[in-house]
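Chemist: Have a peek at data.csv (CSV, C-alpha atoms).
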```csv
chain,number,residue,atom,x,y,z
A,944,MET,CA,60.4,193.7,122.7
A,945,ILE,CA,63.8,194.5,123.9
A,946,ARG,CA,63.4,192.1,126.9
A,947,LYS,CA,62.5,189.2,124.5
A,948,ARG,CA,65.7,189.9,122.5
A,949,LEU,CA,67.9,190.0,125.6
A,950,PHE,CA,66.3,186.7,126.9
A,951,ALA,CA,67.0,184.9,123.6
A,952,ALA,CA,70.6,186.1,123.5
A,953,LEU,CA,71.1,184.8,127.1
A,954,VAL,CA,69.8,181.4,126.2
A,955,MET,CA,72.1,181.2,123.1
A,956,LEU,CA,75.1,182.1,125.3
A,957,ILE,CA,74.3,179.3,127.8
A,958,LEU,CA,74.0,176.7,125.1
A,959,ALA,CA,77.3,177.7,123.6
A,960,VAL,CA,79.0,177.3,127.0
A,961,VAL,CA,77.5,173.9,127.6
A,962,LEU,CA,78.4,172.6,124.1
A,963,THR,CA,82.0,173.9,124.5
A,964,GLY,CA,82.4,172.0,127.8
A,965,CYS,CA,81.1,168.7,126.4
A,966,GLY,CA,83.5,168.9,123.4
A,967,HIS,CA,86.4,169.4,125.8
A,968,GLN,CA,85.3,166.5,127.9
A,969,ASP,CA,85.1,164.3,124.8
A,970,GLU,CA,88.7,165.2,123.9
A,971,ILE,CA,89.9,164.3,127.4
A,972,SER,CA,88.1,161.0,127.3
A,973,ALA,CA,89.6,160.2,123.9
A,974,ASP,CA,93.1,161.1,125.2
A,975,GLU,CA,92.6,158.9,128.3
A,976,ARG,CA,91.4,156.0,126.1
A,977,ASP,CA,94.5,156.4,123.9
A,978,HIS,CA,96.7,156.5,127.0
A,979,GLU,CA,95.0,153.3,128.4
A,980,LYS,CA,95.5,151.5,125.1
A,981,ASP,CA,99.2,152.4,125.2
A,982,GLU,CA,99.6,150.8,128.6
A,983,HIS,CA,97.4,147.7,128.2
A,984,GLY,CA,96.5,147.4,124.6
A,985,SER,CA,98.0,145.1,122.0
A,986,GLU,CA,99.0,147.9,119.6
A,987,LEU,CA,102.2,148.8,121.5
A,988,GLU,CA,105.4,148.2,119.5
A,989,PRO,CA,107.9,145.8,121.2
A,990,ALA,CA,110.9,147.3,122.8
A,991,ALA,CA,114.2,147.0,120.9
A,992,GLY,CA,115.8,143.6,121.2
A,993,GLU,CA,112.8,142.0,122.9
A,994,GLU,CA,111.9,138.6,121.4
A,995,HIS,CA,108.2,137.4,121.3
A,996,HIS,CA,106.0,134.7,120.0
A,997,ARG,CA,102.5,134.9,118.4
A,998,GLU,CA,99.8,132.7,117.2
A,999,ASP,CA,99.4,132.3,113.4
A,1000,GLU,CA,97.3,130.0,111.2
A,1001,HIS,CA,99.8,127.1,111.7
A,1002,GLY,CA,100.1,127.2,115.5
A,1003,THR,CA,102.5,128.7,118.0
A,1004,VAL,CA,105.5,130.5,116.3
A,1005,ILE,CA,108.5,131.9,118.1
A,1006,GLU,CA,110.3,134.7,116.3
A,1007,LEU,CA,114.1,135.0,116.7
A,1008,THR,CA,116.7,137.0,114.9
A,1009,ALA,CA,119.7,135.4,113.2
A,1010,GLU,CA,121.9,136.7,116.0
A,1011,GLU,CA,119.7,135.1,118.7
A,1012,ILE,CA,119.7,131.8,116.8
A,1013,THR,CA,123.5,131.8,116.8
A,1014,GLU,CA,123.8,132.9,120.4
A,1015,LEU,CA,121.4,130.2,121.6
A,1016,ASP,CA,123.2,127.5,119.6
A,1017,ILE,CA,120.0,126.4,117.8
A,1018,GLU,CA,120.8,123.8,115.0
A,1019,ILE,CA,118.4,122.9,112.2
A,1020,THR,CA,118.7,119.5,110.4
A,1021,ALA,CA,116.9,117.8,107.6
A,1022,ALA,CA,115.0,114.7,108.8
A,1023,GLY,CA,116.4,111.4,107.7
A,1024,PRO,CA,116.6,107.7,108.5
A,1025,GLY,CA,118.1,106.3,111.7
A,1026,SER,CA,119.0,103.0,113.4
A,1027,ILE,CA,116.9,102.1,116.5
A,1028,ASP,CA,118.5,99.6,118.9
A,1029,ARG,CA,115.7,97.3,120.1
A,1030,SER,CA,116.1,96.9,123.8
A,1031,ILE,CA,113.9,96.4,126.9
A,1032,ASP,CA,114.5,96.6,130.6
A,1033,LEU,CA,112.8,93.9,132.8
A,1034,PRO,CA,112.8,93.3,136.5
A,1035,GLY,CA,114.8,90.4,137.9
A,1036,GLU,CA,116.1,88.8,141.1
A,1037,ILE,CA,119.2,86.9,142.0
A,1038,LYS,CA,118.4,83.6,143.6
A,1039,LEU,CA,120.1,80.4,144.9
A,1040,ASN,CA,120.9,77.9,142.3
A,1041,GLU,CA,118.4,75.3,143.5
A,1042,ASP,CA,120.3,72.5,141.6
A,1043,LEU,CA,123.2,73.1,144.1
A,1044,VAL,CA,121.1,73.5,147.3
A,1045,VAL,CA,121.0,70.6,149.8
A,1046,HIS,CA,118.2,70.4,152.4
A,1047,ILE,CA,119.4,68.2,155.2
A,1048,VAL,CA,116.8,66.2,157.1
A,1049,PRO,CA,117.7,63.6,159.7
A,1050,ARG,CA,116.4,60.1,158.9
A,1051,ILE,CA,115.8,59.3,162.5
A,1052,GLY,CA,114.6,61.1,165.7
A,1053,GLY,CA,116.4,61.5,168.9
A,1054,ILE,CA,118.0,63.9,171.4
A,1055,VAL,CA,120.5,66.4,170.1
A,1056,ARG,CA,123.9,65.9,171.8
A,1057,GLU,CA,126.2,68.0,169.6
A,1058,VAL,CA,125.7,70.9,167.2
A,1059,ARG,CA,128.9,71.7,165.2
A,1060,GLY,CA,127.5,73.6,162.2
A,1061,HIS,CA,126.9,77.3,162.4
A,1062,LEU,CA,125.4,79.8,159.9
A,1063,GLY,CA,127.9,81.0,157.3
A,1064,ASP,CA,130.3,78.1,157.8
A,1065,ARG,CA,131.9,76.6,154.8
A,1066,VAL,CA,131.4,72.9,155.0
A,1067,LYS,CA,132.9,69.9,153.1
A,1068,PRO,CA,131.1,66.8,151.9
A,1069,GLY,CA,130.8,64.3,154.7
A,1070,GLU,CA,131.5,66.8,157.5
A,1071,ILE,CA,129.6,66.2,160.8
A,1072,LEU,CA,127.1,69.0,161.5
A,1073,ALA,CA,125.3,67.5,164.5
A,1074,VAL,CA,125.1,64.4,166.6
A,1075,ILE,CA,121.9,62.7,167.8
A,1076,GLU,CA,121.4,60.1,170.5
A,1077,SER,CA,118.8,57.7,169.1
A,1078,ARG,CA,117.1,54.7,170.7
A,1079,GLU,CA,115.7,53.7,167.3
A,1080,LEU,CA,119.3,53.5,165.9
A,1081,ALA,CA,120.3,51.4,168.9
A,1082,ASP,CA,117.5,48.9,168.1
A,1083,ALA,CA,118.4,48.8,164.4
A,1084,THR,CA,122.0,48.3,165.2
A,1085,ALA,CA,121.3,45.5,167.6
A,1086,GLU,CA,119.1,43.8,165.0
A,1087,TYR,CA,121.8,44.0,162.5
A,1088,LEU,CA,124.5,42.6,164.7
A,1089,SER,CA,122.2,39.8,165.9
A,1090,SER,CA,121.4,38.9,162.3
A,1091,ARG,CA,125.0,38.8,161.4
A,1092,GLU,CA,125.8,36.4,164.2
A,1093,ARG,CA,122.9,34.2,163.2
A,1094,LEU,CA,124.1,34.2,159.7
A,1095,VAL,CA,127.5,33.0,160.7
A,1096,LEU,CA,126.0,30.2,162.8
A,1097,ALA,CA,123.5,29.2,160.1
A,1098,ALA,CA,126.3,29.0,157.5
A,1099,ALA,CA,128.3,26.7,159.7
A,1100,ILE,CA,125.4,24.4,160.3
A,1101,HIS,CA,124.6,24.3,156.6
A,1102,ASP,CA,128.2,23.4,155.7
A,1103,ARG,CA,128.2,20.6,158.4
A,1104,GLU,CA,124.9,19.2,157.3
A,1105,LYS,CA,126.0,19.3,153.7
A,1106,GLU,CA,129.2,17.4,154.5
A,1107,LEU,CA,127.3,14.7,156.5
A,1108,TRP,CA,124.8,14.3,153.8
A,1109,GLN,CA,127.5,13.8,151.2
A,1110,LYS,CA,129.1,11.2,153.4
A,1111,LYS,CA,125.6,9.6,153.8
A,1112,ILE,CA,125.8,10.0,157.5
A,1113,SER,CA,122.7,12.2,157.7
A,1114,SER,CA,119.6,12.3,155.6
A,1115,GLU,CA,119.0,14.7,152.7
A,1116,GLN,CA,116.1,16.2,154.6
A,1117,GLU,CA,118.4,17.4,157.4
A,1118,TYR,CA,120.6,19.0,154.8
A,1119,LEU,CA,117.7,20.7,153.1
A,1120,ASP,CA,116.4,22.1,156.4
A,1121,ALA,CA,119.8,23.6,157.2
A,1122,ARG,CA,119.9,25.1,153.7
A,1123,GLN,CA,116.5,26.7,154.2
A,1124,ALA,CA,117.5,28.0,157.6
A,1125,LEU,CA,120.6,29.6,156.1
A,1126,ALA,CA,118.5,31.3,153.4
A,1127,GLU,CA,116.0,32.7,155.9
A,1128,VAL,CA,118.8,34.1,158.1
A,1129,ARG,CA,120.6,35.6,155.1
A,1130,ILE,CA,117.4,37.4,154.1
A,1131,ALA,CA,116.9,38.7,157.7
A,1132,HIS,CA,120.5,39.9,157.8
A,1133,ARG,CA,120.2,41.7,154.4
A,1134,SER,CA,117.0,43.4,155.7
A,1135,ALA,CA,118.7,44.6,158.9
A,1136,ARG,CA,121.7,45.9,156.9
A,1137,GLN,CA,119.5,47.8,154.4
A,1138,LYS,CA,117.6,49.4,157.3
A,1139,LEU,CA,120.9,50.9,158.6
A,1140,LEU,CA,122.0,52.0,155.1
A,1141,ALA,CA,118.6,53.8,154.8
A,1142,LEU,CA,119.4,55.6,158.0
A,1143,GLY,CA,122.6,56.9,156.5
A,1144,ILE,CA,125.0,54.5,158.0
A,1145,SER,CA,127.9,53.8,155.6
A,1146,ASP,CA,129.2,50.4,154.5
A,1147,LYS,CA,132.5,51.2,156.2
A,1148,ALA,CA,130.7,52.0,159.5
A,1149,LEU,CA,128.8,48.7,159.2
A,1150,GLU,CA,132.0,46.8,158.9
A,1151,GLU,CA,133.5,48.5,161.9
A,1152,MET,CA,130.3,48.2,164.0
A,1153,SER,CA,131.3,45.0,165.8
A,1154,SER,CA,134.2,46.8,167.4
A,1155,HIS,CA,132.1,49.7,168.7
A,1156,THR,CA,131.1,50.2,172.3
A,1157,GLU,CA,127.5,50.0,173.3
A,1158,SER,CA,127.3,53.8,173.6
A,1159,ASP,CA,128.2,54.1,170.0
A,1160,PHE,CA,125.1,52.1,169.0
A,1161,THR,CA,122.9,55.2,169.9
A,1162,ARG,CA,125.1,57.8,168.1
A,1163,TYR,CA,123.7,59.2,164.9
A,1164,GLU,CA,125.7,61.7,163.0
A,1165,ILE,CA,124.1,64.3,160.7
A,1166,LEU,CA,126.5,64.7,157.8
A,1167,SER,CA,126.7,67.3,155.0
A,1168,PRO,CA,126.1,65.4,151.8
A,1169,ALA,CA,127.7,68.2,149.7
A,1170,GLY,CA,130.1,71.1,150.1
A,1171,GLY,CA,129.0,74.7,150.3
A,1172,THR,CA,127.9,77.4,152.7
A,1173,LEU,CA,125.6,76.7,155.6
A,1174,ILE,CA,122.7,79.2,155.0
A,1175,HIS,CA,120.0,77.7,157.3
A,1176,LYS,CA,120.0,76.2,160.8
A,1177,ARG,CA,117.1,75.0,162.8
A,1178,ILE,CA,118.5,72.7,165.6
A,1179,SER,CA,119.4,73.3,169.2
A,1180,LEU,CA,121.5,71.4,171.7
A,1181,GLY,CA,119.4,69.2,174.0
A,1182,GLU,CA,116.1,69.3,172.0
A,1183,VAL,CA,114.2,66.2,171.0
A,1184,LEU,CA,114.4,66.2,167.3
A,1185,GLU,CA,111.6,64.7,165.4
A,1186,GLU,CA,112.1,62.6,162.3
A,1187,SER,CA,111.8,64.4,158.9
A,1188,ARG,CA,112.3,67.9,160.2
A,1189,GLU,CA,114.7,70.1,158.1
A,1190,VAL,CA,117.6,71.2,160.2
A,1191,PHE,CA,120.2,72.5,157.8
A,1192,ILE,CA,120.5,74.0,154.3
A,1193,VAL,CA,123.8,74.0,152.5
A,1194,ALA,CA,124.1,75.9,149.3
A,1195,ASP,CA,126.9,76.2,146.8
A,1196,LEU,CA,127.1,79.9,146.2
A,1197,ASN,CA,129.7,79.6,143.4
A,1198,SER,CA,126.8,79.6,141.0
A,1199,VAL,CA,123.5,81.6,141.2
A,1200,TRP,CA,120.3,82.0,139.2
A,1201,VAL,CA,118.9,85.3,137.9
A,1202,ASP,CA,115.1,85.0,137.4
A,1203,ILE,CA,113.7,87.6,135.1
A,1204,SER,CA,110.0,88.5,134.8
A,1205,VAL,CA,109.1,88.8,131.1
A,1206,TYR,CA,105.8,90.7,130.4
A,1207,GLN,CA,103.4,89.1,128.0
A,1208,LYS,CA,103.9,91.9,125.4
A,1209,ASP,CA,107.7,91.4,125.4
A,1210,LEU,CA,107.7,87.6,125.0
A,1211,ALA,CA,108.1,87.8,121.2
A,1212,PHE,CA,111.3,89.8,121.7
A,1213,VAL,CA,113.0,87.7,124.4
A,1214,ARG,CA,114.8,84.6,123.1
A,1215,GLU,CA,117.1,81.9,124.6
A,1216,GLY,CA,120.7,83.0,123.9
A,1217,HIS,CA,120.0,86.7,124.2
A,1218,GLU,CA,122.8,88.6,126.0
A,1219,VAL,CA,121.6,90.4,129.1
A,1220,SER,CA,123.3,93.2,131.2
A,1221,LEU,CA,122.3,93.2,134.8
A,1222,SER,CA,122.4,96.3,137.0
A,1223,THR,CA,121.4,96.9,140.6
A,1224,GLY,CA,119.1,99.6,141.9
A,1225,GLU,CA,122.0,102.0,142.1
A,1226,GLY,CA,122.5,101.7,138.4
A,1227,THR,CA,125.9,99.9,138.7
A,1228,LEU,CA,126.6,97.0,136.4
A,1229,ALA,CA,126.3,93.8,138.3
A,1230,ALA,CA,127.1,91.2,135.7
A,1231,LYS,CA,126.4,90.0,132.1
A,1232,GLY,CA,124.9,86.7,131.1
A,1233,THR,CA,122.9,84.7,128.5
A,1234,ILE,CA,119.3,83.6,128.8
A,1235,GLY,CA,119.4,79.8,129.1
A,1236,TYR,CA,115.7,79.0,129.8
A,1237,ILE,CA,112.3,80.6,129.2
A,1238,GLY,CA,109.4,79.1,131.0
A,1239,PRO,CA,106.5,77.8,128.9
A,1240,LEU,CA,103.7,79.2,131.2
A,1241,LEU,CA,102.6,82.6,132.3
A,1242,GLU,CA,102.3,83.3,136.0
A,1243,HIS,CA,98.6,83.7,136.7
A,1244,GLU,CA,98.6,86.8,138.9
A,1245,THR,CA,101.5,88.8,137.3
A,1246,ARG,CA,100.9,87.6,133.7
A,1247,THR,CA,104.7,87.2,133.3
A,1248,ALA,CA,106.9,84.3,132.1
A,1249,LEU,CA,110.2,83.2,133.7
A,1250,ALA,CA,113.5,83.8,131.9
A,1251,ARG,CA,116.5,82.4,133.7
A,1252,ILE,CA,120.3,83.1,133.6
A,1253,ILE,CA,122.9,81.0,135.3
A,1254,LEU,CA,125.9,83.0,136.5
A,1255,GLN,CA,129.2,81.9,138.0
A,1256,ASN,CA,129.8,83.6,141.3
A,1257,PRO,CA,133.3,82.7,142.5
A,1258,ASP,CA,133.9,85.9,144.6
A,1259,LYS,CA,130.4,85.7,146.1
A,1260,THR,CA,129.5,89.3,145.1
A,1261,LEU,CA,126.1,88.2,143.6
A,1262,ARG,CA,123.9,87.9,146.7
A,1263,PRO,CA,120.7,85.9,146.4
A,1264,GLY,CA,117.7,88.1,147.2
A,1265,THR,CA,119.1,91.2,145.3
A,1266,PHE,CA,116.7,92.8,142.9
A,1267,VAL,CA,118.3,93.7,139.5
A,1268,THR,CA,117.2,95.3,136.2
A,1269,ALA,CA,117.9,93.2,133.1
A,1270,HIS,CA,118.7,95.1,130.0
A,1271,ILE,CA,118.1,93.0,126.9
A,1272,SER,CA,119.4,94.3,123.5
A,1273,GLY,CA,118.2,92.9,120.2
A,1274,GLU,CA,119.0,93.6,116.6
A,1275,SER,CA,119.1,97.2,115.3
A,1276,GLU,CA,116.2,98.3,113.1
A,1277,GLU,CA,116.4,101.0,110.4
A,1278,VAL,CA,113.5,103.5,110.4
A,1279,PRO,CA,112.7,106.1,107.7
A,1280,VAL,CA,112.6,109.1,110.1
A,1281,ALA,CA,114.5,109.4,113.4
A,1282,VAL,CA,115.5,112.4,115.5
A,1283,PRO,CA,117.8,112.9,118.5
A,1284,ARG,CA,115.9,112.4,121.8
A,1285,ASP,CA,116.6,116.0,122.9
A,1286,ALA,CA,114.9,117.3,119.8
A,1287,LEU,CA,111.6,115.8,120.8
A,1288,GLN,CA,109.8,117.8,123.5
A,1289,THR,CA,106.5,117.3,125.4
A,1290,ILE,CA,104.0,120.1,125.9
A,1291,ASP,CA,100.6,119.4,127.6
A,1292,GLY,CA,101.2,115.6,127.1
A,1293,GLU,CA,101.8,116.1,123.4
A,1294,SER,CA,105.1,115.2,121.6
A,1295,ILE,CA,106.3,118.1,119.5
A,1296,LEU,CA,109.2,119.2,117.2
A,1297,PHE,CA,110.1,122.7,116.3
A,1298,LEU,CA,110.0,123.4,112.6
A,1299,PRO,CA,111.6,126.5,111.0
A,1300,THR,CA,109.1,128.6,109.0
A,1301,ASP,CA,109.2,132.0,107.3
A,1302,ALA,CA,107.5,133.5,110.4
A,1303,GLY,CA,109.7,131.8,113.0
A,1304,PHE,CA,109.9,128.4,114.8
A,1305,GLU,CA,106.6,126.5,114.9
A,1306,ALA,CA,105.7,123.9,117.6
A,1307,HIS,CA,104.6,121.0,115.4
A,1308,PRO,CA,102.9,117.9,116.9
A,1309,VAL,CA,104.3,114.5,115.9
A,1310,THR,CA,103.9,110.8,116.8
A,1311,ALA,CA,106.9,109.1,118.4
A,1312,GLY,CA,107.5,105.4,117.7
A,1313,ARG,CA,110.3,103.1,119.0
A,1314,SER,CA,113.3,104.5,120.7
A,1315,SER,CA,116.8,103.8,121.9
A,1316,PRO,CA,118.8,105.7,124.5
A,1317,ASN,CA,119.6,108.6,122.1
A,1318,ILE,CA,117.3,108.3,119.1
A,1319,VAL,CA,113.5,108.3,118.7
A,1320,GLN,CA,111.6,107.2,115.7
A,1321,ILE,CA,109.0,109.7,114.3
A,1322,SER,CA,106.2,107.6,112.8
A,1323,SER,CA,104.0,110.5,111.7
A,1324,GLY,CA,104.2,114.3,111.6
A,1325,LEU,CA,107.7,114.6,110.0
A,1326,GLU,CA,108.6,113.7,106.5
A,1327,PRO,CA,112.1,112.7,105.2
A,1328,GLY,CA,114.0,115.8,104.2
A,1329,GLN,CA,111.8,118.1,106.2
A,1330,ARG,CA,113.8,120.6,108.4
A,1331,TYR,CA,113.5,120.6,112.1
A,1332,VAL,CA,115.3,121.9,115.2
A,1333,SER,CA,117.7,119.1,116.2
A,1334,ARG,CA,119.5,121.1,118.9
A,1335,GLY,CA,118.2,123.8,121.2
A,1336,ALA,CA,114.6,122.6,121.2
A,1337,PHE,CA,114.4,122.8,125.0
A,1338,ILE,CA,115.2,126.5,124.9
A,1339,LEU,CA,112.3,127.1,122.5
A,1340,LYS,CA,110.0,125.1,124.7
A,1341,ALA,CA,111.1,127.2,127.7
A,1342,LYS,CA,110.1,130.3,125.7
A,1343,LEU,CA,106.7,128.9,125.0
A,1344,VAL,CA,106.1,127.9,128.7
A,1345,THR,CA,107.6,131.0,130.4
A,1346,GLY,CA,107.5,133.7,127.7
A,1347,SER,CA,111.2,134.4,127.9
A,1348,ILE,CA,114.4,132.7,126.8
A,1349,ASP,CA,117.2,131.8,129.1
A,1350,SER,CA,120.4,131.4,127.0
A,1351,HIS,CA,121.9,129.2,129.8
A,1352,ALA,CA,119.0,126.7,129.8
A,1353,GLY,CA,119.9,123.1,129.8
A,1354,HIS,CA,118.5,120.3,127.7
A,1355,GLY,CA,115.6,118.1,128.7
A,1356,HIS,CA,112.0,117.2,128.2
```
Hey, can you dump this file as structure tokens for me?
Modeler:
Amino acid sequence: MIRKRLFAALVMLILAVVLTGCGHQDEISADERDHEKDEHGSELEPAAGEEHHREDEHGTVIELTAEEITELDIEITAAGPGSIDRSIDLPGEIKLNEDLVVHIVPRIGGIVREVRGHLGDRVKPGEILAVIESRELADATAEYLSSRERLVLAAAIHDREKELWQKKISSEQEYLDARQALAEVRIAHRSARQKLLALGISDKALEEMSSHTESDFTRYEILSPAGGTLIHKRISLGEVLEESREVFIVADLNSVWVDISVYQKDLAFVREGHEVSLSTGEGTLAAKGTIGYIGPLLEHETRTALARIILQNPDKTLRPGTFVTAHISGESEEVPVAVPRDALQTIDGESILFLPTDAGFEAHPVTAGRSSPNIVQISSGLEPGQRYVSRGAFILKAKLVTGSIDSHAGHGH
């Protein structure tokens, strides 16, 4: 009996020890869990002066104190109307004024004996650029001189026969034969003369031709028909030059064309008479001009129309072949809601404005419309009179992206 009582007391003692140990372990586990929550949980209180943002039912909201708003130079403005300058930038190229370009082609073949024109030379109208020795010219010259002599002789015979017929010494038939012969010789002479004129021989040269030496009969001079700059040369001393080959190009560079490619969507905006500012790839202003011509057709491959400006170029600073950007400004348009360009930010491809709320600054999606260099139209998402962050929006965006605010952050998108 005593043994049974001792055994029961021993069992009760063991159970008490086990239960006491488990309770202590539960307390330790609870303390560890509390400690873990302090380090990693969301229930920690923020440190003093540490700004943060949180998600609420309206979207991402950034909380800032009044002192932080002043320090970061954040400005809040009521939305209102604005004036949007309608403008577009289009690609263009400076080209030769084709109305002032002369393509020089010899009208006769031969051997090149002299080349006087060189690339870049400033030439005058009538200046000799090259000299050709031509057998064809010699034949045409001989034919002309022969026809001229025959004409003189036929005219003398005609006058003699006419006088004899009037004195009734010779028959009328002899006079008529002389008259017909004179007409035929005159036609042949006129044909020979026109052939030389077609080859570029002047009337003055034809009159002086009888006094030339035989060597001059083969001399063909290639003349510049207009003044300008020699920009192309394809002729060499001693070569056999074929007829109809282009040997020189002379261009008047005092005037140039600027050809602008107008996209199909912009055709309704571009008009003849529009003022255009031209800039080079470095962004420097090259010139200003007025659109004088817009082509009626679209280019098949690029789907663009041609708009052309004619510019005076007395100092030759506008070089053909230079690519330019044409900035075309139109009339200003009033829109109900417009904001500064720096106020509009982009996050994950979405345009947003920051709106002040009771909880902080909320990132609010909007739809942007037309724009000018400094102002953007808001077509939806912002009502007239609604308050938004007009300055300092980039700093708020940086907070959303990085989780911290840099008071020295610049402005941008």
Chemist: Considering all atoms listed in the file, state which residue in the set A:Glu1274, A:Glu1106, A:Glu1057, A:Glu1079 is at the smallest distance from Ser1179 in chain A.
Modeler: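 Ranked by minimum distance to Ser1179 in chain A, first place goes to A:Glu1057.
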Chemist: Restricting the calculation to all atoms listed in the file: of A:Leu1287, A:Leu1080, A:Ala1169, A:Val1319, which residue gets closest to Ile1051 in chain A?
Modeler: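 Smallest separation from Ile1051 in chain A among the options: A:Leu1080.
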Chemist: With distances taken over only C-alpha atoms, which of A:Asn1197, A:Ser1026, A:Gln1255, A:Ser1323 is nearest to Gly1170 in chain A?
Modeler: A:Asn1197
Chemist: Measuring atom to atom with all atoms listed in the file, identify which of A:His1243, A:Ala1311, A:Asp1028, A:Leu1254 is nearest to Ser1275 in chain A.
Modeler: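 Residue with the minimum atom-to-atom distance to Ser1275 in chain A: A:Asp1028.
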Chemist: CA of Ala1306 in chain A and CA of Asp1016 in chain A, how far apart in Å?
Modeler: 18.0 Å
Chemist: A:Thr1300, A:Gly1335, A:Val1282, A:Gln1116: which is nearest Ala1021 in chain A, counting only C-alpha atoms?
Modeler: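 Nearest candidate to Ala1021 in chain A out of A:Thr1300, A:Gly1335, A:Val1282, A:Gln1116: A:Val1282.
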Chemist: Calculated over all atoms listed in the file, which of the candidates A:Asp1032, A:Glu1182, A:Glu1041, A:Asp1301 has the smallest distance to Phe1212 in chain A?
Modeler: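 Ranked by minimum distance to Phe1212 in chain A, first place goes to A:Asp1032.
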Chemist: Separation of CA of Val1048 in chain A and CA of Asp1258 in chain A, in Å?
Modeler: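 Interatomic distance, CA of Val1048 in chain A to CA of Asp1258 in chain A: 28.9 Å.
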Chemist: What is the CA of Glu1076 in chain A to CA of His1175 in chain A distance in Å?
Modeler: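 CA of His1175 in chain A lies 22.0 Å from CA of Glu1076 in chain A.
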Chemist: Please provide the set of residues having any atom within 8 Å of Leu1015 in chain A, restricted to all atoms listed in the file, with same-chain residues fewer than 3 positions apart removed, written as a list in words.
Modeler: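 Once the nearby chain positions are removed, what remains is Glu1011, Ile1012, Gly1335, Ile1338 and Ser1350 of chain A.
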Chemist: When you look at Phe1304 in chain A with a cut-off of 10 Å (counting only C-alpha atoms), what residues show up, excluding the ones that are within fewer than 4 positions of it in the same chain? I need them as number ranges by chain.
Modeler: A: 996, 1002-1007, 1296-1300, 1331-1332, 1336, 1339
Chemist: With C-alpha atoms retained, write the just-selected residues as a short mmCIF file (atom, residue, chain, number, x, y, z; two decimals), keeping the file's coordinate frame.
Modeler:
```cif
data_model
loop_
_atom_site.label_atom_id
_atom_site.label_comp_id
_atom_site.auth_asym_id
_atom_site.auth_seq_id
_atom_site.Cartn_x
_atom_site.Cartn_y
_atom_site.Cartn_z
CA HIS A 996 106.00 134.70 120.00
CA GLY A 1002 100.10 127.20 115.50
CA THR A 1003 102.50 128.70 118.00
CA VAL A 1004 105.50 130.50 116.30
CA ILE A 1005 108.50 131.90 118.10
CA GLU A 1006 110.30 134.70 116.30
CA LEU A 1007 114.10 135.00 116.70
CA LEU A 1296 109.20 119.20 117.20
CA PHE A 1297 110.10 122.70 116.30
CA LEU A 1298 110.00 123.40 112.60
CA PRO A 1299 111.60 126.50 111.00
CA THR A 1300 109.10 128.60 109.00
CA TYR A 1331 113.50 120.60 112.10
CA VAL A 1332 115.30 121.90 115.20
CA ALA A 1336 114.60 122.60 121.20
CA LEU A 1339 112.30 127.10 122.50
#
```
Chemist: Near Tyr1163 in chain A, within 9 Å and counting all atoms listed in the file, which residues show up once chain neighbours fewer than 6 positions away are dropped, as a PyMOL selection string?
Modeler: chain A and resi 1051+1053+1073-1077+1080+1142-1144
Chemist: Around the point (114.9, 86.7, 146.1), in the coordinates given by the file, pick out the residues reaching within 6 Å, counting only C-alpha atoms, and return them as a compact mmCIF listing (two decimals) with C-alpha atoms, in the coordinates of the input.
Modeler:
```
# COMPACT_ATOMS: atom_id res chain seq x y z
CA GLU A 1036 116.10 88.80 141.10
CA ILE A 1037 119.20 86.90 142.00
CA LYS A 1038 118.40 83.60 143.60
CA PRO A 1263 120.70 85.90 146.40
CA GLY A 1264 117.70 88.10 147.20
```
